[in-house]
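The file start01.txt comes next; it holds compact mmCIF, C-alpha atoms.
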```txt
# COMPACT_ATOMS: atom_id res chain seq x y z
CA MET A 795 41.72 33.81 68.05
CA GLN A 796 43.88 34.05 64.95
CA ALA A 797 47.63 34.59 65.22
CA ALA A 798 48.99 37.67 63.49
CA VAL A 799 52.51 36.98 64.79
CA THR A 800 53.83 33.76 66.33
CA VAL A 801 56.84 33.06 68.52
CA THR A 802 58.92 29.95 69.20
CA PRO A 803 59.34 28.50 72.70
CA SER A 804 62.85 29.94 73.06
CA ARG A 805 61.41 33.46 72.81
CA VAL A 806 58.73 32.96 75.45
CA PRO A 807 60.84 33.43 78.65
CA GLU A 808 62.16 36.77 77.38
CA LEU A 809 58.66 37.94 76.44
CA LEU A 810 57.15 36.82 79.73
CA LEU A 811 59.89 38.58 81.69
CA GLY A 812 58.97 41.87 80.06
CA LEU A 813 55.19 41.34 79.92
CA ALA A 814 53.98 39.10 82.74
CA THR A 815 55.83 41.07 85.42
CA VAL A 816 53.69 44.12 84.62
CA ARG A 817 50.48 42.80 83.01
CA PRO A 818 48.61 39.48 82.67
CA VAL A 819 49.54 37.41 79.60
CA PHE A 820 47.66 34.75 77.65
CA LEU A 821 49.60 32.05 75.76
CA TRP A 822 47.79 30.62 72.74
CA GLY A 823 48.89 27.44 71.01
CA ALA A 824 47.99 23.98 69.76
CA PRO A 825 47.69 21.08 72.21
CA GLY A 826 50.91 19.44 73.30
CA ILE A 827 53.44 22.06 72.25
CA GLY A 828 54.61 22.90 75.77
CA LYS A 829 52.61 25.92 76.99
CA SER A 830 52.21 24.62 80.55
CA SER A 831 55.85 23.55 80.84
CA LEU A 832 57.05 26.95 79.65
CA VAL A 833 54.97 28.73 82.29
CA ARG A 834 56.16 26.46 85.10
CA GLU A 835 59.80 26.82 84.03
CA PHE A 836 59.43 30.60 83.82
CA ALA A 837 57.95 30.78 87.32
CA GLU A 838 60.76 28.61 88.64
CA SER A 839 63.34 30.91 87.02
CA LEU A 840 61.87 33.79 89.04
CA GLY A 841 61.83 31.77 92.23
CA LEU A 842 58.03 31.79 92.33
CA GLU A 843 55.76 28.88 93.12
CA CYS A 844 53.47 28.08 90.18
CA VAL A 845 49.84 27.56 91.23
CA SER A 846 47.80 26.05 88.39
CA LEU A 847 44.03 26.37 88.11
CA LEU A 848 42.39 24.31 85.37
CA GLY A 849 39.55 26.25 83.76
CA THR A 850 37.55 23.15 82.83
CA GLN A 851 37.44 21.99 86.46
CA LEU A 852 36.34 25.22 88.11
CA ALA A 853 33.05 26.72 89.19
CA PRO A 854 32.64 30.47 90.01
CA GLU A 855 32.51 29.75 93.75
CA ASP A 856 35.91 28.04 93.48
CA LEU A 857 37.36 31.50 92.85
CA ILE A 858 35.06 33.80 94.75
CA GLY A 859 35.09 31.54 97.79
CA VAL A 860 32.39 30.88 100.37
CA PRO A 861 30.80 33.50 102.63
CA GLN A 862 31.41 33.73 106.35
CA ILE A 863 29.68 35.94 108.90
CA ARG A 864 31.99 38.42 110.62
CA ASP A 865 30.59 41.08 112.95
CA GLY A 866 27.15 40.54 111.49
CA ARG A 867 28.29 40.90 107.89
CA SER A 868 29.03 38.33 105.19
CA VAL A 869 32.60 38.15 103.97
CA PHE A 870 33.74 35.97 101.07
CA CYS A 871 36.84 33.94 101.85
CA PRO A 872 38.90 33.11 98.74
CA PRO A 873 40.26 29.55 98.49
CA GLN A 874 43.60 28.67 100.03
CA ALA A 875 45.07 27.88 96.60
CA ILE A 876 44.73 31.56 95.66
CA ALA A 877 44.89 33.39 99.00
CA ARG A 878 48.62 33.29 99.78
CA ASP A 879 50.93 35.55 101.73
CA GLU A 880 53.97 35.26 99.47
CA PRO A 881 54.17 36.29 95.80
CA TYR A 882 53.54 33.49 93.32
CA CYS A 883 52.68 32.72 89.70
CA LEU A 884 48.95 32.16 89.15
CA PHE A 885 48.63 30.00 86.05
CA LEU A 886 45.12 29.89 84.57
CA ASP A 887 45.39 26.84 82.31
CA GLU A 888 42.65 26.22 79.72
CA LEU A 889 41.10 29.53 80.69
CA ASN A 890 39.21 29.81 77.41
CA ALA A 891 37.71 26.33 77.97
CA ALA A 892 36.03 27.53 81.17
CA THR A 893 32.33 28.39 81.24
CA PRO A 894 31.37 32.06 80.73
CA ASP A 895 30.54 32.39 84.45
CA VAL A 896 34.00 31.16 85.43
CA GLN A 897 35.66 33.44 82.89
CA LYS A 898 33.68 36.33 84.34
CA ALA A 899 34.83 35.42 87.85
CA PHE A 900 38.42 35.92 86.67
CA TYR A 901 37.87 39.52 85.51
CA SER A 902 38.86 41.32 88.71
CA LEU A 903 41.61 38.80 89.48
CA ILE A 904 43.19 39.34 86.07
CA LEU A 905 42.83 43.10 85.78
CA ASP A 906 42.80 44.34 89.39
CA ARG A 907 44.74 41.40 90.89
CA ARG A 908 42.13 40.94 93.61
CA ILE A 909 39.11 38.87 94.60
CA GLY A 910 36.85 40.57 97.06
CA ASP A 911 39.07 41.94 99.82
CA TYR A 912 42.01 39.72 98.92
CA GLU A 913 44.75 41.17 96.75
CA LEU A 914 47.56 39.17 95.18
CA PRO A 915 50.88 39.78 96.97
CA LYS A 916 53.13 42.31 95.30
CA GLY A 917 55.46 40.55 92.88
CA SER A 918 52.87 37.95 91.85
CA ILE A 919 52.24 37.32 88.15
CA VAL A 920 49.16 36.06 86.28
CA ILE A 921 49.48 33.97 83.12
CA GLY A 922 46.70 32.24 81.19
CA ALA A 923 46.94 29.64 78.43
CA GLY A 924 44.63 27.82 76.08
CA ASN A 925 44.13 26.07 72.77
CA ARG A 926 42.59 27.66 69.70
CA SER A 927 39.16 26.70 68.37
CA THR A 928 40.88 25.69 65.12
CA ASP A 929 42.75 22.94 67.00
CA ASN A 930 39.58 20.84 67.44
CA ALA A 931 40.05 21.30 71.18
CA LEU A 932 37.56 22.38 73.81
CA ALA A 933 37.54 26.17 73.53
CA ARG A 934 34.89 28.79 74.09
CA PRO A 935 34.86 32.36 72.78
CA ILE A 936 36.39 34.84 75.20
CA ALA A 937 34.36 37.96 75.85
CA SER A 938 35.89 41.19 74.58
CA ALA A 939 36.12 42.47 78.16
CA LEU A 940 38.43 39.58 79.04
CA VAL A 941 40.37 39.72 75.76
CA ASN A 942 41.14 43.35 76.48
CA ARG A 943 42.47 42.53 79.95
CA LEU A 944 45.29 40.35 78.56
CA THR A 945 48.38 40.59 76.37
CA HIS A 946 48.17 37.77 73.83
CA VAL A 947 51.18 35.70 72.70
CA HIS A 948 50.80 33.00 70.04
CA LEU A 949 53.14 30.02 70.35
CA GLU A 950 54.29 27.76 67.52
CA ALA A 951 56.16 24.46 67.69
CA SER A 952 59.87 24.74 66.90
CA PRO A 953 61.88 21.59 66.05
CA LYS A 954 65.12 23.46 66.74
CA ASP A 955 64.01 24.52 70.23
CA TRP A 956 62.55 21.11 71.09
CA LEU A 957 65.59 19.16 69.93
CA ALA A 958 67.85 21.40 72.02
CA TRP A 959 65.60 20.75 75.02
CA ALA A 960 65.38 17.01 74.28
CA ALA A 961 69.16 16.61 74.11
CA ALA A 962 69.40 17.88 77.69
CA ASN A 963 66.41 15.99 79.08
CA ASP A 964 67.11 12.31 78.46
CA ILE A 965 64.80 11.90 75.48
CA HIS A 966 65.26 8.44 73.95
CA PRO A 967 68.04 8.47 71.33
CA TRP A 968 65.77 6.86 68.69
CA VAL A 969 63.33 9.76 69.06
CA LEU A 970 66.09 12.37 69.13
CA ASP A 971 67.91 10.99 66.09
CA HIS A 972 64.72 10.45 64.07
CA LEU A 973 63.44 13.99 64.65
CA THR A 974 66.88 15.40 63.91
CA ASP A 975 66.53 13.76 60.51
CA ARG A 976 62.79 14.52 60.14
CA PRO A 977 62.05 17.72 62.10
CA ASP A 978 58.83 18.17 60.10
CA HIS A 979 57.40 15.21 62.04
CA LEU A 980 57.57 16.98 65.41
CA TRP A 981 54.07 18.44 65.11
CA SER A 982 51.03 17.88 62.95
CA LYS A 983 47.70 19.66 62.86
CA PRO A 984 45.09 18.09 65.15
CA PRO A 985 42.86 15.82 63.05
CA LYS A 986 39.10 16.15 62.78
CA THR A 987 38.70 12.50 63.73
CA GLU A 988 39.54 10.83 67.03
CA GLU A 989 43.06 9.57 66.44
CA PRO A 990 46.53 10.26 67.87
CA PHE A 991 48.58 13.07 66.36
CA SER A 992 52.18 14.14 66.69
CA THR A 993 53.16 16.89 69.13
CA PRO A 994 56.22 17.52 71.28
CA ARG A 995 54.21 16.03 74.15
CA SER A 996 53.33 12.84 72.24
CA TRP A 997 56.98 12.33 71.19
CA HIS A 998 57.93 12.73 74.86
CA MET A 999 55.31 10.09 75.73
CA LEU A 1000 56.76 7.75 73.11
CA SER A 1001 60.24 8.35 74.51
CA ASP A 1002 59.07 7.42 78.01
CA ALA A 1003 57.44 4.24 76.68
CA LEU A 1004 60.59 3.24 74.80
CA GLY A 1005 62.62 3.76 77.95
CA SER A 1006 60.17 1.63 79.91
CA PHE A 1007 60.30 -1.33 77.49
CA GLY A 1008 64.06 -1.09 76.96
CA PRO A 1009 66.20 -1.79 73.88
CA ALA A 1010 64.81 -5.32 73.46
CA ILE A 1011 61.32 -4.01 72.59
CA ASP A 1012 59.77 -6.25 69.93
CA GLU A 1013 58.51 -4.93 66.60
CA GLN A 1014 54.81 -5.45 67.35
CA THR A 1015 55.01 -3.58 70.66
CA LEU A 1016 56.91 -0.77 68.95
CA ARG A 1017 54.13 -0.42 66.40
CA VAL A 1018 51.49 -0.38 69.11
CA ILE A 1019 53.08 2.46 71.08
CA ALA A 1020 54.11 4.45 67.98
CA HIS A 1021 50.61 4.30 66.49
CA GLY A 1022 49.18 4.99 69.93
CA THR A 1023 51.00 8.31 70.26
CA LEU A 1024 51.78 9.70 66.79
CA THR A 1025 50.13 10.72 63.55
CA PRO A 1026 49.74 7.45 61.57
CA ALA A 1027 52.17 8.45 58.80
CA HIS A 1028 54.74 9.56 61.39
CA ALA A 1029 54.32 6.28 63.29
CA VAL A 1030 55.04 4.30 60.12
CA ALA A 1031 58.11 6.43 59.43
CA PHE A 1032 59.41 6.06 62.97
CA CYS A 1033 59.00 2.27 62.94
CA GLY A 1034 60.84 2.22 59.62
CA TYR A 1035 63.66 4.25 61.13
CA VAL A 1036 63.99 1.87 64.07
CA LYS A 1037 64.11 -1.06 61.67
CA ILE A 1038 66.96 0.67 59.84
CA VAL A 1039 68.82 1.13 63.11
CA ARG A 1040 68.43 -2.57 63.80
CA SER A 1041 69.14 -3.88 60.31
CA ARG A 1042 71.58 -3.69 57.44
CA PHE A 1043 69.32 -1.38 55.45
CA GLY A 1044 70.10 2.31 55.08
CA ILE A 1045 69.63 4.92 52.39
CA GLU A 1046 73.39 5.35 52.05
CA ALA A 1047 73.86 1.65 51.34
CA ILE A 1048 71.07 1.72 48.76
CA LEU A 1049 72.44 4.82 47.03
CA LYS A 1050 75.88 3.19 46.81
CA GLY A 1051 74.43 -0.06 45.49
CA ASP A 1052 75.51 -2.05 48.54
CA ALA A 1053 71.87 -2.90 49.37
CA ARG A 1054 68.55 -3.09 47.51
CA TRP A 1055 65.12 -1.77 48.41
CA PRO A 1056 63.46 -4.11 50.93
CA SER A 1057 60.80 -6.03 49.01
CA HIS A 1058 59.03 -8.16 51.62
CA MET A 1059 55.54 -7.09 52.67
CA GLU A 1060 56.53 -7.10 56.35
CA ASP A 1061 59.17 -4.47 55.51
CA ARG A 1062 56.69 -2.03 53.95
CA ASP A 1063 57.10 0.50 56.77
CA LEU A 1064 60.84 0.37 56.20
CA LEU A 1065 60.30 0.88 52.46
CA TYR A 1066 58.17 3.97 53.10
CA TYR A 1067 60.80 5.40 55.42
CA LEU A 1068 63.62 4.81 52.95
CA ALA A 1069 61.55 6.36 50.15
CA GLU A 1070 61.00 9.48 52.28
CA SER A 1071 64.73 9.68 52.97
CA PHE A 1072 65.42 9.20 49.25
CA ARG A 1073 63.01 12.03 48.39
CA GLY A 1074 64.68 14.32 50.94
CA ARG A 1075 68.10 13.53 49.48
CA LEU A 1076 66.92 14.39 45.95
CA ILE A 1077 65.34 17.66 47.11
CA LYS A 1078 68.63 18.59 48.72
CA GLU A 1079 71.07 17.49 46.01
CA LEU A 1080 69.37 18.02 42.64
CA PRO A 1081 69.88 21.56 41.26
CA ALA A 1082 66.85 23.60 40.22
CA GLY A 1083 68.10 24.19 36.65
CA ARG A 1084 69.40 21.75 34.08
CA ASP A 1085 72.02 24.06 32.58
CA HIS A 1086 75.57 23.49 33.74
CA ILE A 1087 74.67 20.65 36.08
CA PRO A 1088 77.77 19.49 38.00
CA ALA A 1089 78.99 16.02 37.20
CA ASN A 1090 78.14 14.72 40.67
CA SER A 1091 74.55 16.00 40.36
CA ARG A 1092 74.18 14.37 36.96
CA GLN A 1093 75.43 11.11 38.45
CA THR A 1094 72.92 11.48 41.30
CA ALA A 1095 70.11 11.98 38.75
CA TYR A 1096 71.09 8.87 36.77
CA ARG A 1097 71.29 6.79 39.92
CA ALA A 1098 67.97 8.24 41.16
CA LYS A 1099 66.12 7.21 37.99
CA SER A 1100 67.54 3.71 38.25
CA LEU A 1101 66.48 3.45 41.89
CA LEU A 1102 63.01 4.80 41.08
CA ILE A 1103 62.54 2.06 38.49
CA GLN A 1104 63.61 -0.56 41.03
CA LEU A 1105 61.29 0.97 43.62
CA ALA A 1106 58.34 1.01 41.19
CA GLU A 1107 58.83 -2.70 40.54
CA ILE A 1108 58.16 -3.26 44.24
CA SER A 1109 55.46 -0.60 44.72
CA VAL A 1110 54.32 2.06 42.25
CA GLU A 1111 52.61 3.87 45.11
CA VAL A 1112 55.80 4.18 47.15
CA ALA A 1113 57.82 5.22 44.10
CA GLN A 1114 55.21 7.85 43.23
CA SER A 1115 55.52 9.32 46.72
CA VAL A 1116 59.17 10.17 45.95
CA ILE A 1117 58.25 12.50 43.06
CA ALA A 1118 54.89 13.70 44.44
CA SER A 1119 54.05 17.39 44.78
CA ASP A 1120 53.65 19.05 48.16
CA ALA A 1121 50.35 19.49 50.01
CA ASP A 1122 49.54 22.58 47.93
CA GLY A 1123 50.15 20.81 44.64
CA ASN A 1124 53.52 22.43 43.94
CA PRO A 1125 56.39 20.27 42.61
CA VAL A 1126 59.24 19.82 45.08
CA LEU A 1127 61.69 18.15 42.70
CA PRO A 1128 63.25 20.07 39.77
CA ALA A 1129 61.12 20.24 36.63
CA TRP A 1130 63.91 18.87 34.43
CA PHE A 1131 64.19 15.75 36.57
CA LEU A 1132 60.41 15.22 36.50
CA VAL A 1133 60.47 15.52 32.68
CA GLU A 1134 63.16 12.86 32.48
CA ALA A 1135 61.17 10.69 34.89
CA ALA A 1136 58.11 11.08 32.64
CA ARG A 1137 60.14 9.99 29.64
CA ASP A 1138 61.83 7.03 31.27
CA MET A 1139 58.99 5.91 33.56
CA PRO A 1140 55.60 6.73 31.99
CA ARG A 1141 53.84 4.22 34.23
CA LEU A 1142 55.11 6.00 37.33
CA VAL A 1143 54.06 9.44 36.09
CA GLU A 1144 50.61 8.21 35.07
CA ALA A 1145 50.11 7.02 38.63
CA ARG A 1146 50.60 10.59 39.84
CA ARG A 1147 47.56 11.85 37.89
```

structure tokens encoding of this file:
Amino acid sequence: MQAAVTVTPSRVPELLLGLATVRPVFLWGAPGIGKSSLVREFAESLGLECVSLLGTQLAPEDLIGVPQIRDGRSVFCPPQAIARDEPYCLFLDELNAATPDVQKAFYSLILDRRIGDYELPKGSIVIGAGNRSTDNALARPIASALVNRLTHVHLEASPKDWLAWAAANDIHPWVLDHLTDRPDHLWSKPPKTEEPFSTPRSWHMLSDALGSFGPAIDEQTLRVIAHGTLTPAHAVAFCGYVKIVRSRFGIEAILKGDARWPSHMEDRDLLYYLAESFRGRLIKELPAGRDHIPANSRQTAYRAKSLLIQLAEISVEVAQSVIASDADGNPVLPAWFLVEAARDMPRLVEARR
């Protein structure tokens, strides 16, 4: 299902309060962005127990129950997990990954709030969640009859929301500080190949691992756990950041001339990280137009060209990444600066083509 309108995690509790208390709701979103946690926290805020059913682990009889003979007639007895006396939150996780027969078994439970003779206690709420087929996750088409029984809410990852949550939930300071500086690394699109990718959940996993190993974690172990949880480029950047924390290097020191670009091969991850920080600084500080450039911006441009030359002497590839266009091929640095770079560093600009 395609998202016409998306919401951030901070909006979800308000929406669920108005929607889920009167009609069933389905939360759509990429893997690892916190759908399950949001539902559990919402249920807790209402004082309701959250009962989770995982669509991929269910068969139709798990919902309908087994028959018993009463007074010469068969009666289906719903499972204890569903048949409760007190109101609760029924969370149908990965509902769209369930088989068509299981999805069909949910029809009456979702719309009529009953299975056979059992009816959900008044005050109960029903919330479903699942990944999209575009996320390279296990997802099956939902029949129109089921689609029409639900109100659909599409969730997107929000660095601002996650960082606010992380600050209050003991997330490792290296993770918190790095994502404060690089919020674009919080989430990446699931890859088509089998490899780790960055999500709020995977950053949380990395934080837990860092806490387990402690501050004395060695560089090789850090690389193993970073590359085991994050998108490869994000893992390199994070390892570079940690090296900065532990060393004398820093983009401020390099900009001031107090330090030079690290040139040893074993510091290549650090070099990539510093180059990304350098690029972000130029995007922020260089004005779009050349006319009436403030003196401080002109000084930044002069210093930037000098540093680019130094960087290219170490690695043309890394230096090229500083002036590269975005994923859509659009320049991110001002055109006047790129023209000056082409004039002063033809070798660097040729490498971009």

Inset, instruction - Within 12 Å of His972 (chain A), counting all atoms listed in the file, which residues show up once you throw out same-chain ones fewer than 4 positions away? Write them as a list of chain:residue names, please. - result: A:Pro953, A:Leu957, A:Ile965, A:His966, A:Pro967, A:Trp968, A:Arg976, A:Pro977, A:Asp978, A:His979, A:Leu980, A:Trp997, A:Ser1001, A:His1028, A:Ala1029, A:Ala1031, A:Phe1032, A:Cys1033, A:Gly1034, A:Tyr1035, A:Val1036, A:Lys1037, A:Ile1038, A:Val1039, A:Tyr1067, A:Ser1071

Go ahead and save the picked residues with C-alpha atoms, as a short mmCIF file (atom, residue, chain, number, x, y, z; two decimals), keeping the file's coordinate frame.
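Now in selection-v4.cif:
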```cif
data_model
loop_
_atom_site.label_atom_id
_atom_site.label_comp_id
_atom_site.auth_asym_id
_atom_site.auth_seq_id
_atom_site.Cartn_x
_atom_site.Cartn_y
_atom_site.Cartn_z
CA PRO A 953 61.88 21.59 66.05
CA LEU A 957 65.59 19.16 69.93
CA ILE A 965 64.80 11.90 75.48
CA HIS A 966 65.26 8.44 73.95
CA PRO A 967 68.04 8.47 71.33
CA TRP A 968 65.77 6.86 68.69
CA ARG A 976 62.79 14.52 60.14
CA PRO A 977 62.05 17.72 62.10
CA ASP A 978 58.83 18.17 60.10
CA HIS A 979 57.40 15.21 62.04
CA LEU A 980 57.57 16.98 65.41
CA TRP A 997 56.98 12.33 71.19
CA SER A 1001 60.24 8.35 74.51
CA HIS A 1028 54.74 9.56 61.39
CA ALA A 1029 54.32 6.28 63.29
CA ALA A 1031 58.11 6.43 59.43
CA PHE A 1032 59.41 6.06 62.97
CA CYS A 1033 59.00 2.27 62.94
CA GLY A 1034 60.84 2.22 59.62
CA TYR A 1035 63.66 4.25 61.13
CA VAL A 1036 63.99 1.87 64.07
CA LYS A 1037 64.11 -1.06 61.67
CA ILE A 1038 66.96 0.67 59.84
CA VAL A 1039 68.82 1.13 63.11
CA TYR A 1067 60.80 5.40 55.42
CA SER A 1071 64.73 9.68 52.97
#
```

Legend entry - For Arg1062 (chain A), the nearest of the candidates A:Ile1108, A:Ser831, A:Pro990, A:Ser996, counting all atoms listed in the file: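 Counting all atoms listed in the file, the residue closest to Arg1062 (chain A) is A:Ile1108.
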
Inset, instruction - Could you tell me which of A:Thr945, A:Thr1094, A:Ser982, A:Thr893 comes closest to Leu905 (chain A) if we count only C-alpha atoms? - result: A:Thr945

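Considering only C-alpha atoms, the residue among A:Asn1090, A:Asp1061, A:Val969, A:Ala824 positioned nearest to Thr993 (chain A) is A:Ala824.
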
Inset, instruction - Could you tell me how far CA of Ile876 (chain A) lies from CA of Leu810 (chain A), in Å and to one decimal? - result: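 Separating CA of Ile876 (chain A) from CA of Leu810 (chain A) is a distance of 20.9 Å.
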
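Distance-wise, CA of Gly922 (chain A) and CA of Leu848 (chain A) end up 9.9 Å apart.
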
Inset, instruction - Choose the residue, out of A:Asp955, A:Glu838, A:Asp929, A:Asp1052, that has the smallest atom-to-atom separation from Leu973 (chain A); count all atoms listed in the file. - result: A:Asp955

Inset, instruction - State, in Å with one decimal place, the distance from CA of Gln1104 (chain A) to CA of Arg1073 (chain A). - result: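 Going from CA of Gln1104 (chain A) over to CA of Arg1073 (chain A) covers 14.6 Å.
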
Legend entry - Given all atoms listed in the file as the counted atoms, nearest of A:Ala962, A:Ala1135, A:Val833, A:Leu1024 to Pro985 (chain A):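 Under the stated criterion, the closest residue is A:Leu1024.
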